[in-house]
>>> print(open('data_8.txt').read())   # compact mmCIF, C-alpha atoms
# COMPACT_ATOMS: atom_id res chain seq x y z
CA MET A 1 -19.52 115.51 -53.13
CA THR A 2 -21.01 118.85 -54.20
CA LEU A 3 -18.64 121.65 -55.17
CA SER A 4 -18.56 124.30 -52.45
CA ILE A 5 -17.05 127.80 -52.78
CA ARG A 6 -16.75 129.67 -49.48
CA PRO A 7 -15.50 133.28 -49.59
CA LEU A 8 -12.97 134.23 -46.95
CA PRO A 9 -13.55 137.38 -44.84
CA GLN A 10 -10.25 138.98 -45.87
CA ALA A 11 -9.59 141.23 -48.86
CA LEU A 12 -9.48 138.30 -51.28
CA GLY A 13 -9.72 134.53 -51.43
CA ALA A 14 -12.23 131.68 -51.30
CA VAL A 15 -11.99 128.06 -50.17
CA VAL A 16 -13.12 125.41 -52.65
CA THR A 17 -14.03 121.87 -51.59
CA GLY A 18 -15.72 118.97 -53.36
CA LEU A 19 -13.61 118.84 -56.52
CA PRO A 20 -15.01 116.03 -58.69
CA GLU A 21 -12.92 113.22 -60.07
CA LYS A 22 -13.64 114.43 -63.59
CA PHE A 23 -12.63 117.96 -64.58
CA ASP A 24 -14.96 119.23 -67.31
CA GLY A 25 -16.34 122.39 -68.87
CA VAL A 26 -19.02 122.83 -66.21
CA LEU A 27 -16.38 122.79 -63.48
CA ALA A 28 -14.21 125.17 -65.49
CA GLU A 29 -17.05 127.67 -65.75
CA GLN A 30 -17.84 127.49 -62.03
CA LEU A 31 -14.24 127.86 -60.99
CA HIS A 32 -13.48 130.61 -63.50
CA GLU A 33 -16.38 132.71 -62.22
CA ALA A 34 -15.18 132.24 -58.63
CA TRP A 35 -11.57 132.94 -59.66
CA MET A 36 -12.53 136.27 -61.22
CA GLU A 37 -14.54 137.24 -58.15
CA HIS A 38 -12.18 136.13 -55.40
CA LEU A 39 -8.74 136.38 -57.11
CA VAL A 40 -7.32 133.38 -55.20
CA LEU A 41 -8.96 129.98 -54.77
CA PHE A 42 -7.69 127.58 -52.11
CA PHE A 43 -8.26 123.82 -52.42
CA PRO A 44 -7.56 122.21 -49.02
CA GLN A 45 -6.43 118.59 -49.18
CA ALA A 46 -7.07 118.42 -52.93
CA GLY A 47 -4.19 115.96 -53.31
CA LEU A 48 -3.38 116.94 -56.89
CA ASP A 49 -0.69 114.72 -58.36
CA ASP A 50 1.20 116.08 -61.38
CA GLU A 51 -1.32 114.63 -63.85
CA ARG A 52 -4.30 116.24 -62.11
CA LEU A 53 -2.36 119.47 -61.54
CA VAL A 54 -1.90 119.77 -65.30
CA GLU A 55 -5.47 118.67 -65.98
CA LEU A 56 -6.96 121.26 -63.62
CA GLY A 57 -4.62 124.04 -64.70
CA SER A 58 -5.43 123.38 -68.36
CA LEU A 59 -9.06 124.35 -67.74
CA PHE A 60 -7.88 127.96 -67.56
CA GLY A 61 -5.34 128.23 -70.37
CA ASP A 62 -2.07 126.94 -71.77
CA LEU A 63 0.58 125.87 -69.27
CA ALA A 64 4.31 126.44 -68.89
CA ALA A 65 6.79 126.02 -66.08
CA THR A 66 7.78 129.67 -66.38
CA THR A 67 7.66 131.64 -69.63
CA PRO A 68 6.44 129.78 -72.71
CA GLY A 69 8.11 128.79 -75.95
CA LYS A 70 11.67 129.69 -76.88
CA ALA A 71 11.71 132.48 -74.30
CA ASN A 72 11.38 129.93 -71.48
CA ASP A 73 13.24 131.14 -68.40
CA ALA A 74 13.28 128.50 -65.67
CA ARG A 75 16.39 130.05 -64.10
CA ASP A 76 18.10 126.66 -63.79
CA MET A 77 15.22 125.35 -61.66
CA THR A 78 13.80 121.83 -61.94
CA THR A 79 10.98 121.33 -64.42
CA MET A 80 8.91 118.21 -64.97
CA GLY A 81 5.74 116.94 -66.59
CA ALA A 82 5.20 115.48 -70.04
CA GLY A 83 5.64 118.89 -71.64
CA GLY A 84 8.01 120.35 -69.07
CA GLU A 85 5.13 122.53 -67.85
CA ILE A 86 5.61 121.93 -64.10
CA LEU A 87 8.10 123.95 -62.04
CA GLU A 88 9.34 122.38 -58.81
CA LEU A 89 9.89 124.88 -56.00
CA ASP A 90 12.20 123.17 -53.52
CA SER A 91 13.42 124.96 -50.40
CA ASP A 92 16.74 123.11 -50.64
CA VAL A 93 17.37 124.82 -53.98
CA ASP A 94 15.72 128.25 -53.83
CA ARG A 95 14.09 130.31 -51.08
CA GLY A 96 13.95 133.48 -53.15
CA ALA A 97 10.17 134.08 -53.08
CA ASN A 98 10.09 135.70 -49.62
CA VAL A 99 9.38 139.14 -51.05
CA TRP A 100 6.12 140.55 -52.38
CA HIS A 101 6.01 139.88 -56.11
CA THR A 102 3.87 139.03 -59.11
CA ASP A 103 5.16 136.09 -61.14
CA LEU A 104 7.01 136.57 -64.41
CA THR A 105 6.24 140.25 -65.00
CA PHE A 106 9.65 140.52 -66.68
CA ALA A 107 8.13 138.64 -69.63
CA GLU A 108 6.61 140.50 -72.56
CA THR A 109 3.41 138.52 -71.93
CA PRO A 110 3.22 137.65 -68.22
CA SER A 111 1.22 134.66 -67.10
CA ILE A 112 -2.46 135.23 -66.35
CA GLY A 113 -2.33 132.97 -63.31
CA ALA A 114 -0.82 129.97 -61.59
CA LEU A 115 -1.89 126.74 -59.92
CA LEU A 116 0.29 125.53 -57.06
CA SER A 117 0.23 122.21 -55.20
CA MET A 118 1.93 121.69 -51.81
CA ARG A 119 3.85 118.40 -51.81
CA VAL A 120 6.11 118.58 -48.73
CA CYS A 121 4.99 120.96 -46.02
CA PRO A 122 6.94 122.11 -42.93
CA GLU A 123 5.34 121.25 -39.61
CA ARG A 124 5.51 124.92 -38.70
CA GLY A 125 5.71 128.02 -40.86
CA GLY A 126 5.94 128.29 -44.63
CA ASP A 127 2.64 130.15 -45.10
CA THR A 128 1.97 132.19 -48.25
CA MET A 129 0.27 135.59 -48.35
CA TRP A 130 -1.54 137.18 -51.30
CA LEU A 131 -2.65 140.78 -51.75
CA ASN A 132 -5.42 142.43 -53.76
CA GLN A 133 -4.02 144.77 -56.43
CA TYR A 134 -7.50 146.02 -57.36
CA ARG A 135 -7.92 147.28 -53.83
CA ALA A 136 -4.39 148.71 -53.79
CA TYR A 137 -5.23 150.82 -56.85
CA GLU A 138 -8.75 151.80 -55.82
CA THR A 139 -7.64 153.04 -52.38
CA LEU A 140 -4.95 155.37 -53.73
CA ALA A 141 -5.76 159.06 -53.37
CA GLU A 142 -7.19 160.45 -56.62
CA PRO A 143 -4.14 162.65 -57.45
CA VAL A 144 -1.85 159.63 -57.01
CA ARG A 145 -4.08 157.46 -59.20
CA ALA A 146 -3.98 160.15 -61.87
CA LEU A 147 -0.17 160.11 -61.80
CA VAL A 148 0.21 156.33 -61.73
CA ASP A 149 -2.24 155.96 -64.63
CA THR A 150 0.34 157.71 -66.85
CA LEU A 151 3.41 155.68 -65.84
CA GLN A 152 5.20 152.91 -67.70
CA ALA A 153 7.20 150.51 -65.51
CA THR A 154 10.31 148.50 -66.35
CA HIS A 155 10.26 144.91 -65.04
CA GLY A 156 13.10 142.43 -64.71
CA ARG A 157 16.55 142.03 -63.18
CA ALA A 158 19.12 141.73 -65.97
CA PRO A 159 21.09 139.54 -66.48
CA TYR A 160 19.12 137.26 -64.13
CA THR A 161 16.01 137.72 -66.30
CA GLY A 162 15.00 139.57 -69.42
CA THR A 163 13.40 143.01 -69.07
CA THR A 164 10.25 144.54 -70.49
CA VAL A 165 7.95 147.52 -69.97
CA HIS A 166 4.31 147.37 -68.83
CA PRO A 167 1.82 150.08 -67.80
CA ALA A 168 1.87 150.68 -64.04
CA VAL A 169 -1.92 150.27 -64.11
CA ILE A 170 -3.69 147.78 -66.37
CA THR A 171 -7.32 146.95 -67.12
CA HIS A 172 -8.17 143.34 -66.37
CA PRO A 173 -9.32 141.81 -69.70
CA VAL A 174 -12.12 139.80 -68.08
CA THR A 175 -13.45 141.92 -65.21
CA GLY A 176 -12.76 145.33 -66.77
CA ARG A 177 -11.42 146.58 -63.42
CA ARG A 178 -8.33 148.74 -63.15
CA THR A 179 -5.50 147.19 -61.13
CA LEU A 180 -2.05 148.23 -59.98
CA PHE A 181 0.62 146.28 -61.87
CA VAL A 182 3.90 146.96 -60.08
CA ASN A 183 5.62 144.85 -57.46
CA ARG A 184 8.68 144.91 -55.24
CA GLY A 185 10.12 141.70 -56.66
CA TRP A 186 10.38 142.50 -60.38
CA THR A 187 9.58 146.19 -60.98
CA ALA A 188 12.86 148.06 -61.46
CA GLY A 189 11.54 151.60 -61.98
CA PHE A 190 9.50 153.94 -64.15
CA GLN A 191 10.27 155.22 -67.62
CA GLY A 192 11.17 158.89 -67.93
CA LEU A 193 11.77 159.54 -64.22
CA SER A 194 14.99 160.11 -62.31
CA SER A 195 16.15 157.33 -60.02
CA ILE A 196 15.18 159.43 -56.98
CA GLU A 197 11.66 160.02 -58.34
CA SER A 198 11.24 156.45 -59.53
CA ASN A 199 12.45 154.82 -56.32
CA ALA A 200 10.26 157.05 -54.15
CA ILE A 201 7.10 156.37 -56.17
CA LEU A 202 7.75 152.62 -56.35
CA ARG A 203 8.39 152.43 -52.62
CA MET A 204 5.20 154.37 -51.87
CA LEU A 205 3.08 152.15 -54.13
CA CYS A 206 4.54 148.94 -52.68
CA GLU A 207 4.06 150.05 -49.08
CA HIS A 208 0.50 151.08 -49.87
CA ALA A 209 -0.32 147.75 -51.57
CA GLU A 210 1.31 145.60 -48.88
CA ARG A 211 -0.80 146.89 -45.98
CA PRO A 212 -2.31 143.98 -43.99
CA GLU A 213 -5.88 145.02 -44.79
CA ASN A 214 -5.20 144.22 -48.47
CA THR A 215 -4.02 140.66 -47.79
CA VAL A 216 -4.96 137.07 -47.03
CA ARG A 217 -2.67 134.42 -45.50
CA TRP A 218 -2.86 130.67 -46.16
CA ASN A 219 -1.54 128.10 -43.71
CA TRP A 220 -0.51 125.21 -45.92
CA GLN A 221 -1.06 121.52 -45.27
CA ALA A 222 0.39 118.81 -47.48
CA GLY A 223 -2.05 118.21 -50.37
CA ASP A 224 -3.42 121.76 -50.47
CA ALA A 225 -3.50 123.68 -53.75
CA ALA A 226 -4.06 127.32 -54.71
CA LEU A 227 -5.07 129.04 -57.95
CA TRP A 228 -4.45 132.76 -58.29
CA ASP A 229 -4.91 135.52 -60.85
CA ASN A 230 -1.51 136.94 -61.68
CA ARG A 231 -2.99 140.11 -63.20
CA CYS A 232 -4.46 141.49 -59.98
CA THR A 233 -2.52 139.92 -57.10
CA GLN A 234 0.90 139.72 -55.52
CA HIS A 235 2.13 136.97 -53.20
CA TYR A 236 4.82 136.36 -50.60
CA ALA A 237 6.19 132.97 -49.47
CA ILE A 238 7.17 133.38 -45.82
CA ASN A 239 10.62 131.96 -45.06
CA ASP A 240 10.16 131.15 -41.35
CA TYR A 241 10.58 127.37 -41.30
CA GLY A 242 14.31 127.02 -40.72
CA ASP A 243 15.90 123.92 -42.23
CA ALA A 244 12.59 122.12 -42.74
CA LYS A 245 11.77 120.81 -46.20
CA ARG A 246 9.17 122.65 -48.32
CA VAL A 247 8.36 121.47 -51.87
CA LEU A 248 5.64 122.70 -54.21
CA HIS A 249 4.76 122.04 -57.85
CA ARG A 250 3.47 124.94 -59.94
CA VAL A 251 2.13 125.50 -63.42
CA ALA A 252 2.01 128.99 -64.90
CA ILE A 253 -1.15 129.70 -66.92
CA TYR A 254 -1.22 131.64 -70.20
CA PRO A 255 -4.04 132.56 -72.58
CA PRO A 256 -4.81 129.72 -75.01
CA ALA A 257 -2.73 130.05 -78.17
CA ALA A 258 -5.85 130.21 -80.32
CA ALA A 259 -7.30 133.10 -78.26
>>> encode(input="data_8.txt", output="structure tokens")
Amino acid sequence: MTLSIRPLPQALGAVVTGLPEKFDGVLAEQLHEAWMEHLVLFFPQAGLDDERLVELGSLFGDLAATTPGKANDARDMTTMGAGGEILELDSDVDRGANVWHTDLTFAETPSIGALLSMRVCPERGGDTMWLNQYRAYETLAEPVRALVDTLQATHGRAPYTGTTVHPAVITHPVTGRRTLFVNRGWTAGFQGLSSIESNAILRMLCEHAERPENTVRWNWQAGDAALWDNRCTQHYAINDYGDAKRVLHRVAIYPPAAA
């Protein structure tokens, strides 16, 4: 089967079919180019078991369940895989992702992306939405962009996680595009501002980014997978499936150690 990459009509996303049995450098180059262009790649019915999840994810960098090395913060969640690089997201244990967020921004070096495989899917509900942080930044009014360009944001929820500071706007190291880098889930506020000022600006930026025209929504089926760029997206796991079971396996992707 020939690899096919079909862009979606929304603000981000493309559907990829025809994954070969062997994952090699040619595939990595094709997928990386599409990943940078479309921000999120969806693989319907890819059927990635844990071995192939790790194999595919490793084409894009080093893998960890959450944060790498001694700073690992799995928050008492289940990890698996030969190197403990797979995080299991089980609805019976944690439904905490039903808020717009970017993964692991409380880390000094956040992940560059993630690859997620749906293992047990509810019959109804349980979709995930992603939003385009490039577009969120580029559609801000110029005076607001000028302000946000100067801000440093604190991320993390101590003592639940560590905390760190990142620029509110970053330049993507591959595409060179400027992107908003704050989110409702992990951004606590802005350095040097009062709580009133900080809360108002953060709320404005989140509401601006989360507008429907900036988003795409994926209706999961068991066996689907998704790869997203953590530097220029947010996502939201919709908790609308009642007591039904929902289980996913995820690897977080980091720059190769030698890079």
>>> atom_distance(input="data_8.txt", atom1="CA of Asn239 (chain A)", atom2="CA of Gly185 (chain A)")
15.2 Å
>>> closest_residue(input="data_8.txt", among="A:Ile196, A:Ile201, A:Ala257, A:Leu227", to="Leu31 (chain A)", atoms="only C-alpha atoms")
A:Leu227
>>> residues_around(input="data_8.txt", residues="region 138-141 of chain A", least_positions_apart="5", cutoff="10 Å", atoms="only C-alpha atoms", output="list in words")
Gln133, Ala146, Val148, Arg177, Arg178, Thr179, Leu180, Leu205, His208, Ala209 and Asn214 of chain A
>>> atom_distance(input="data_8.txt", atom1="CA of Glu55 (chain A)", atom2="CA of Val93 (chain A)")
26.5 Å
>>> residues_around(input="data_8.txt", residues="Pro212 (chain A)", least_positions_apart="5", cutoff="12 Å", atoms="all atoms listed in the file", output="list in words")
Gln10, Ala11, Leu12, Met129, Trp130, Leu131, Asn132, Arg135, Ala136, Glu207 and Arg217 of chain A
>>> write_last_selection(input="data_8.txt", atoms="C-alpha atoms", output="mmCIF file, keeping the file's coordinate frame")
data_model
loop_
_atom_site.group_PDB
_atom_site.id
_atom_site.type_symbol
_atom_site.label_atom_id
_atom_site.label_comp_id
_atom_site.auth_asym_id
_atom_site.auth_seq_id
_atom_site.Cartn_x
_atom_site.Cartn_y
_atom_site.Cartn_z
ATOM 1 C CA GLN A 10 -10.250 138.980 -45.870
ATOM 2 C CA ALA A 11 -9.590 141.230 -48.860
ATOM 3 C CA LEU A 12 -9.480 138.300 -51.280
ATOM 4 C CA MET A 129 0.270 135.590 -48.350
ATOM 5 C CA TRP A 130 -1.540 137.180 -51.300
ATOM 6 C CA LEU A 131 -2.650 140.780 -51.750
ATOM 7 C CA ASN A 132 -5.420 142.430 -53.760
ATOM 8 C CA ARG A 135 -7.920 147.280 -53.830
ATOM 9 C CA ALA A 136 -4.390 148.710 -53.790
ATOM 10 C CA GLU A 207 4.060 150.050 -49.080
ATOM 11 C CA ARG A 217 -2.670 134.420 -45.500
#
>>> closest_residue(input="data_8.txt", among="A:Arg250, A:Gly57, A:Ser195, A:Lys22", to="Met80 (chain A)", atoms="all atoms listed in the file")
A:Arg250
>>> closest_residue(input="data_8.txt", among="A:Met204, A:Ala82, A:Leu87, A:Val120", to="Ala244 (chain A)", atoms="all atoms listed in the file")
A:Val120
>>> atom_distance(input="data_8.txt", atom1="CA of Ala168 (chain A)", atom2="CA of Ala153 (chain A)")
5.5 Å
>>> closest_residue(input="data_8.txt", among="A:Asp127, A:Glu21, A:Asp149, A:Asp49", to="Asn98 (chain A)", atoms="all atoms listed in the file")
A:Asp127
>>> closest_residue(input="data_8.txt", among="A:Ser194, A:Asn219, A:Thr102, A:Ser117", to="His235 (chain A)", atoms="only C-alpha atoms")
A:Thr102
>>> closest_residue(input="data_8.txt", among="A:Ala46, A:Trp218, A:Glu29, A:Asn230", to="Thr128 (chain A)", atoms="all atoms listed in the file")
A:Trp218
>>> residues_around(input="data_8.txt", residues="Thr171 (chain A)", least_positions_apart="2", cutoff="10 Å", atoms="all atoms listed in the file", output="ChimeraX atom specification")
/A:134,167,169,173-181,231-232
>>> write_last_selection(input="data_8.txt", atoms="C-alpha atoms", output="short mmCIF file (atom, residue, chain, number, x, y, z; two decimals), in the frame of the given file")
data_model
loop_
_atom_site.label_atom_id
_atom_site.label_comp_id
_atom_site.auth_asym_id
_atom_site.auth_seq_id
_atom_site.Cartn_x
_atom_site.Cartn_y
_atom_site.Cartn_z
CA TYR A 134 -7.50 146.02 -57.36
CA PRO A 167 1.82 150.08 -67.80
CA VAL A 169 -1.92 150.27 -64.11
CA PRO A 173 -9.32 141.81 -69.70
CA VAL A 174 -12.12 139.80 -68.08
CA THR A 175 -13.45 141.92 -65.21
CA GLY A 176 -12.76 145.33 -66.77
CA ARG A 177 -11.42 146.58 -63.42
CA ARG A 178 -8.33 148.74 -63.15
CA THR A 179 -5.50 147.19 -61.13
CA LEU A 180 -2.05 148.23 -59.98
CA PHE A 181 0.62 146.28 -61.87
CA ARG A 231 -2.99 140.11 -63.20
CA CYS A 232 -4.46 141.49 -59.98
#
>>> residues_near_point(input="data_8.txt", point="(-2.5, 117.0, -61.1)", cutoff="12 Å", atoms="only C-alpha atoms", output="PDB file with C-alpha atoms, keeping the file's coordinate frame")
ATOM      1  CA  GLU A  21     -12.920 113.220 -60.070  1.00  0.00           C
ATOM      2  CA  LYS A  22     -13.640 114.430 -63.590  1.00  0.00           C
ATOM      3  CA  PHE A  23     -12.630 117.960 -64.580  1.00  0.00           C
ATOM      4  CA  ALA A  46      -7.070 118.420 -52.930  1.00  0.00           C
ATOM      5  CA  GLY A  47      -4.190 115.960 -53.310  1.00  0.00           C
ATOM      6  CA  LEU A  48      -3.380 116.940 -56.890  1.00  0.00           C
ATOM      7  CA  ASP A  49      -0.690 114.720 -58.360  1.00  0.00           C
ATOM      8  CA  ASP A  50       1.200 116.080 -61.380  1.00  0.00           C
ATOM      9  CA  GLU A  51      -1.320 114.630 -63.850  1.00  0.00           C
ATOM     10  CA  ARG A  52      -4.300 116.240 -62.110  1.00  0.00           C
ATOM     11  CA  LEU A  53      -2.360 119.470 -61.540  1.00  0.00           C
ATOM     12  CA  VAL A  54      -1.900 119.770 -65.300  1.00  0.00           C
ATOM     13  CA  GLU A  55      -5.470 118.670 -65.980  1.00  0.00           C
ATOM     14  CA  LEU A  56      -6.960 121.260 -63.620  1.00  0.00           C
ATOM     15  CA  GLY A  57      -4.620 124.040 -64.700  1.00  0.00           C
ATOM     16  CA  SER A  58      -5.430 123.380 -68.360  1.00  0.00           C
ATOM     17  CA  LEU A  59      -9.060 124.350 -67.740  1.00  0.00           C
ATOM     18  CA  GLY A  81       5.740 116.940 -66.590  1.00  0.00           C
ATOM     19  CA  ALA A  82       5.200 115.480 -70.040  1.00  0.00           C
ATOM     20  CA  GLU A  85       5.130 122.530 -67.850  1.00  0.00           C
ATOM     21  CA  ILE A  86       5.610 121.930 -64.100  1.00  0.00           C
ATOM     22  CA  LEU A 115      -1.890 126.740 -59.920  1.00  0.00           C
ATOM     23  CA  LEU A 116       0.290 125.530 -57.060  1.00  0.00           C
ATOM     24  CA  SER A 117       0.230 122.210 -55.200  1.00  0.00           C
ATOM     25  CA  MET A 118       1.930 121.690 -51.810  1.00  0.00           C
ATOM     26  CA  ARG A 119       3.850 118.400 -51.810  1.00  0.00           C
ATOM     27  CA  GLY A 223      -2.050 118.210 -50.370  1.00  0.00           C
ATOM     28  CA  ASP A 224      -3.420 121.760 -50.470  1.00  0.00           C
ATOM     29  CA  ALA A 225      -3.500 123.680 -53.750  1.00  0.00           C
ATOM     30  CA  HIS A 249       4.760 122.040 -57.850  1.00  0.00           C
ATOM     31  CA  ARG A 250       3.470 124.940 -59.940  1.00  0.00           C
ATOM     32  CA  VAL A 251       2.130 125.500 -63.420  1.00  0.00           C
TER      33      VAL A 251
END
>>> residues_around(input="data_8.txt", residues="Ile112 (chain A)", least_positions_apart="3", cutoff="10 Å", atoms="only C-alpha atoms", output="PDB file with C-alpha atoms, in the coordinates of the input")
ATOM      1  CA  PHE A  60      -7.880 127.960 -67.560  1.00  0.00           C
ATOM      2  CA  GLY A  61      -5.340 128.230 -70.370  1.00  0.00           C
ATOM      3  CA  ASP A  62      -2.070 126.940 -71.770  1.00  0.00           C
ATOM      4  CA  ASP A 103       5.160 136.090 -61.140  1.00  0.00           C
ATOM      5  CA  LEU A 104       7.010 136.570 -64.410  1.00  0.00           C
ATOM      6  CA  THR A 109       3.410 138.520 -71.930  1.00  0.00           C
ATOM      7  CA  HIS A 172      -8.170 143.340 -66.370  1.00  0.00           C
ATOM      8  CA  TRP A 228      -4.450 132.760 -58.290  1.00  0.00           C
ATOM      9  CA  ASP A 229      -4.910 135.520 -60.850  1.00  0.00           C
ATOM     10  CA  ASN A 230      -1.510 136.940 -61.680  1.00  0.00           C
ATOM     11  CA  ARG A 231      -2.990 140.110 -63.200  1.00  0.00           C
ATOM     12  CA  CYS A 232      -4.460 141.490 -59.980  1.00  0.00           C
ATOM     13  CA  ALA A 252       2.010 128.990 -64.900  1.00  0.00           C
ATOM     14  CA  ILE A 253      -1.150 129.700 -66.920  1.00  0.00           C
ATOM     15  CA  TYR A 254      -1.220 131.640 -70.200  1.00  0.00           C
ATOM     16  CA  PRO A 255      -4.040 132.560 -72.580  1.00  0.00           C
TER      17      PRO A 255
END
>>> decode(input="data_8.txt", residues="region 157-176 of chain A", atoms="N, CA and C atoms", output="PDB file, in the first residue's frame")
ATOM      1  N   ARG A 157       1.966  23.178  38.447  1.00  0.00           N
ATOM      2  CA  ARG A 157       1.017  23.251  39.554  1.00  0.00           C
ATOM      3  C   ARG A 157       1.647  22.579  40.764  1.00  0.00           C
ATOM      4  N   ALA A 158       2.525  23.307  41.452  1.00  0.00           N
ATOM      5  CA  ALA A 158       3.177  22.741  42.640  1.00  0.00           C
ATOM      6  C   ALA A 158       2.130  22.507  43.733  1.00  0.00           C
ATOM      7  N   PRO A 159       2.256  21.426  44.527  1.00  0.00           N
ATOM      8  CA  PRO A 159       3.305  20.395  44.485  1.00  0.00           C
ATOM      9  C   PRO A 159       2.993  19.235  43.541  1.00  0.00           C
ATOM     10  N   TYR A 160       1.916  19.350  42.755  1.00  0.00           N
ATOM     11  CA  TYR A 160       1.518  18.271  41.847  1.00  0.00           C
ATOM     12  C   TYR A 160       2.585  18.044  40.781  1.00  0.00           C
ATOM     13  N   THR A 161       3.195  19.121  40.310  1.00  0.00           N
ATOM     14  CA  THR A 161       4.304  19.040  39.353  1.00  0.00           C
ATOM     15  C   THR A 161       5.388  20.021  39.783  1.00  0.00           C
ATOM     16  N   GLY A 162       6.529  19.945  39.098  1.00  0.00           N
ATOM     17  CA  GLY A 162       7.511  21.001  39.226  1.00  0.00           C
ATOM     18  C   GLY A 162       7.026  22.254  38.505  1.00  0.00           C
ATOM     19  N   THR A 163       7.762  23.332  38.606  1.00  0.00           N
ATOM     20  CA  THR A 163       7.426  24.566  37.892  1.00  0.00           C
ATOM     21  C   THR A 163       8.644  25.069  37.142  1.00  0.00           C
ATOM     22  N   THR A 164       8.385  25.783  36.054  1.00  0.00           N
ATOM     23  CA  THR A 164       9.463  26.394  35.280  1.00  0.00           C
ATOM     24  C   THR A 164       8.904  27.586  34.540  1.00  0.00           C
ATOM     25  N   VAL A 165       9.774  28.353  33.908  1.00  0.00           N
ATOM     26  CA  VAL A 165       9.377  29.560  33.184  1.00  0.00           C
ATOM     27  C   VAL A 165       9.766  29.416  31.726  1.00  0.00           C
ATOM     28  N   HIS A 166       8.829  29.727  30.825  1.00  0.00           N
ATOM     29  CA  HIS A 166       9.070  29.734  29.382  1.00  0.00           C
ATOM     30  C   HIS A 166       8.553  31.044  28.794  1.00  0.00           C
ATOM     31  N   PRO A 167       9.122  31.486  27.672  1.00  0.00           N
ATOM     32  CA  PRO A 167       8.538  32.642  26.972  1.00  0.00           C
ATOM     33  C   PRO A 167       7.095  32.349  26.578  1.00  0.00           C
ATOM     34  N   ALA A 168       6.252  33.369  26.619  1.00  0.00           N
ATOM     35  CA  ALA A 168       4.851  33.203  26.228  1.00  0.00           C
ATOM     36  C   ALA A 168       4.715  32.968  24.727  1.00  0.00           C
ATOM     37  N   VAL A 169       5.722  33.372  23.972  1.00  0.00           N
ATOM     38  CA  VAL A 169       5.768  33.138  22.534  1.00  0.00           C
ATOM     39  C   VAL A 169       7.140  32.558  22.216  1.00  0.00           C
ATOM     40  N   ILE A 170       7.167  31.458  21.471  1.00  0.00           N
ATOM     41  CA  ILE A 170       8.433  30.837  21.100  1.00  0.00           C
ATOM     42  C   ILE A 170       8.535  30.770  19.585  1.00  0.00           C
ATOM     43  N   THR A 171       9.751  30.573  19.104  1.00  0.00           N
ATOM     44  CA  THR A 171       9.993  30.345  17.678  1.00  0.00           C
ATOM     45  C   THR A 171      10.236  28.864  17.473  1.00  0.00           C
ATOM     46  N   HIS A 172       9.422  28.255  16.618  1.00  0.00           N
ATOM     47  CA  HIS A 172       9.563  26.817  16.375  1.00  0.00           C
ATOM     48  C   HIS A 172      10.940  26.554  15.768  1.00  0.00           C
ATOM     49  N   PRO A 173      11.728  25.628  16.332  1.00  0.00           N
ATOM     50  CA  PRO A 173      13.105  25.438  15.868  1.00  0.00           C
ATOM     51  C   PRO A 173      13.220  24.846  14.469  1.00  0.00           C
ATOM     52  N   VAL A 174      12.163  24.256  13.953  1.00  0.00           N
ATOM     53  CA  VAL A 174      12.211  23.668  12.609  1.00  0.00           C
ATOM     54  C   VAL A 174      11.569  24.589  11.590  1.00  0.00           C
ATOM     55  N   THR A 175      10.369  25.057  11.843  1.00  0.00           N
ATOM     56  CA  THR A 175       9.643  25.873  10.865  1.00  0.00           C
ATOM     57  C   THR A 175      10.022  27.347  10.907  1.00  0.00           C
ATOM     58  N   GLY A 176      10.570  27.807  12.032  1.00  0.00           N
ATOM     59  CA  GLY A 176      10.905  29.218  12.172  1.00  0.00           C
ATOM     60  C   GLY A 176       9.704  30.111  12.425  1.00  0.00           C
TER      61      GLY A 176
END
